[in-house]
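S.K.: Okay, here's the structure, questions in a sec.
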Amino acid sequence: MAEAAATPDRLSEIEARLRTLVKVMTTKAAIGQTPKELVWSLNKAKLYRYTPDASASVRHPIPLLLVFATMNRPSILDLRPGHSFVEFLLSRGYDVYLLDWGVPGIEDKNLKLDDYALEYLPRAVRKLKTLAGVREFSLLGWCIGAIITTIYAAMRPDDGLRNLLLLTAPLDFANRDRLTFARWTDERYFDVDKVLAAFGNMPGEMIDYGAKALKPVDNYITSYCKLWDNLDDPKIVDSWHAMNTWITDLIPMAGAAYRQLIVDLYRNNRLMNNEMIVRGEKVDLRRLRANLLTVIAEGDHLTPPCQSETVIAKISSQDAEVFRVAGGHIGIMAGSGARKLTWPHIDTWLAARSQ
Amino acid sequence: MREENNGSEKAYDPFESFRGMRDTYLDALSKTMIEAVNTESYAQATGAMLDSYLTASAPIREALEKAMVQTLQQLSLPSRQEVAGLAQRFTSLEMRLDDMDAKLDGMAKNLAEDRQARATANSQEILGEAISEATRKALRDASLATREDIADLAKSISQWESRLDILVKRGTAAPTHPEGTEIQQAATQPDMAQPAKSAIPAEVAKSTPGTNTAAAAVNTIPAAPSAKAGVAEGILRKANAGKNPR
């Protein structure tokens, strides 16, 4: 009798699991929920100021500007309430700004890294300094955002940049054997101009395929198996749902900027060799003298540690630190361990330099 | 059939062992695939696939684009490129506006600073007045003269001087005035009861019995006094008359 009564329960359990599965696969989770105010915009780029946390016991006078990659949405920095890096920073008394590059259209296919680093970013910084009433500020660049902020920091050393935080920064492309992307985008196999002539901008779907194909089984099979195994655990389901919402929010990358990424960086490593020309001027990393913290993910398959650790030797900063964390490209900032390890370390480092 | 797990009951899962096998298999497959995609042959293969797709689709894409542009022109509608060109011009305008906005921000900041400086000056003035009033009150309470009292006094003195000047003028205009005659005489002739005042130093006059400060002040009057000095001396002499032993 007990076995017979358990069967309907089992069926209803399976039904509930299937319903949850359909929900997380077909709907979008609410991400990027922390209240913020649009304070500046130019073309698709938008500068937001997050509402300061009134309960924060400390107030840091130096504001922090977050700069994310140009090929993904920045909502990963503010994934969901209780698991948000932005929320964490606000609770620690920082005045937090976010530069959202927006979604480039076909009219933006000529946008280069030059434009991002020396046109959009300086203007956003100018507005930030006016609004915050400060002369100095901190910058946090993640992934391609780290490339842009590094170029900016080296070319505008007198703009008031006090602290520069680089997260999984792909800056050094010398070790080509360890860079799968470098192999795929080698000029023998990949005609970047042909791709851009066809699409204008680099389509988000192709970028997504490239990122996922580095670990095809993990991204296309294992991830879904783990979700199926934990469908009755709301915490894991919510986390998966939020992350999947962010991952599937694909945006293209401006064509000219993508070309620079492939030709100047992946193929010729021009930034690290001080040979990259931006707006007719060489980017000399020796001019970068802001305090620097570079966070490296030991298990990063997109930006292996060898791409981020060598920048320290190329800059003039007197105060520079490398912080290594176990985890992947996104996991070190948005994973379960981020709140215990990465975020507190960033806070400790930045708080001491934000007075 | 149930089994104990950390004190809580968990339903028996017949797929548990299957799951373990699956994970082991996926781990192995994952490692193999990571190695596979990280090879030259994979890069070559995907590159060739992409290239062939682009090569094959290019003529179709170009023909489609050409036809679309022609159709749009016939319908008097803007093409994608024309709209994109406009968008770029808008961005250029936006940048100029942004620069103007920044300049306005700068001007607003300067104005605010100026206003603040004025406000500070005003508040300093207000504060100064408050301090002055408080000082006045304190000095008054202490029965001491304030700066204002001194100023009032100076004003009164000036008024008195003016009146004296008028008097002097009147005096010179009417020399036969009895009192004026007397004064003139007193001024030109040494007081017989006292030594010649101009010859006595002020310090000595102070210490001399029968003289006071007012009388000592008179000693500073030049030996050949003017009419004004004479008038003053006469007034002072009258004032001292009662005290003079004479």
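Letters A, B, ... mark the chains of the structure tokens in the order given; residue numbers begin at 1 per chain; ligand numbers begin at 1, in order shown.
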Under the rule of at most 6 Å, produce a per-residue listing of chain B near chain A: chain, number, name, the closest pair of atoms, and the distance in Å, as JSON lines, using only C-alpha atoms.

M.R.:
```
{"residue": "B:Ser30", "atom": "CA", "partner": "A:Val217", "partner_atom": "CA", "distance": 5.0}
{"residue": "B:Ile34", "atom": "CA", "partner": "A:Lys215", "partner_atom": "CA", "distance": 5.7}
{"residue": "B:Asn38", "atom": "CA", "partner": "A:Thr180", "partner_atom": "CA", "distance": 5.5}
{"residue": "B:Ala43", "atom": "CA", "partner": "A:Trp184", "partner_atom": "CA", "distance": 4.7}
{"residue": "B:Gln44", "atom": "CA", "partner": "A:Tyr189", "partner_atom": "CA", "distance": 5.4}
{"residue": "B:Gly47", "atom": "CA", "partner": "A:Tyr189", "partner_atom": "CA", "distance": 4.7}
{"residue": "B:Ala84", "atom": "CA", "partner": "A:Glu107", "partner_atom": "CA", "distance": 4.4}
{"residue": "B:Thr91", "atom": "CA", "partner": "A:Asn43", "partner_atom": "CA", "distance": 5.5}
```

S.K.: Hey, what's within 9 Å of Ser239 in chain A if we count only C-alpha atoms and toss same-chain stuff fewer than 5 positions away? As a list in words, please?

M.R.: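 With the cut-off at 9 Å, the set is Leu79, Arg80, His83, Pro234 and Asn244 of chain A.
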
S.K.: With a distance cut-off of 10 Å and only C-alpha atoms, select the neighbouring residues of Arg259 in chain A, excluding the residue or stretch itself and same-chain residues fewer than 2 positions from it, and output the selection as a short mmCIF file (atom, residue, chain, number, x, y, z; two decimals) with C-alpha atoms, in the first residue's frame.

M.R.:
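Generated file (around-v4.cif):
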```cif
data_model
loop_
_atom_site.label_atom_id
_atom_site.label_comp_id
_atom_site.auth_asym_id
_atom_site.auth_seq_id
_atom_site.Cartn_x
_atom_site.Cartn_y
_atom_site.Cartn_z
CA ASN A 110 33.72 51.37 -36.80
CA LYS A 112 37.59 50.90 -31.98
CA LEU A 113 39.23 50.30 -28.64
CA VAL A 192 38.73 38.50 -39.52
CA ASP A 193 38.13 41.01 -42.31
CA VAL A 195 33.86 37.94 -41.09
CA LEU A 196 33.44 41.64 -40.42
CA ASN A 201 30.00 43.67 -35.97
CA MET A 202 31.11 40.37 -34.50
CA MET A 253 31.09 43.35 -30.37
CA ALA A 254 31.84 46.45 -32.43
CA GLY A 255 33.61 45.33 -35.61
CA ALA A 256 36.67 47.59 -35.50
CA ALA A 257 37.26 46.86 -31.82
CA LEU A 261 41.47 42.50 -30.41
CA ILE A 262 42.41 39.84 -32.94
CA VAL A 263 45.10 41.63 -34.99
CA ASP A 264 46.77 43.92 -32.46
CA LEU A 265 46.46 41.73 -29.40
CA TYR A 266 45.94 38.03 -30.14
#
```
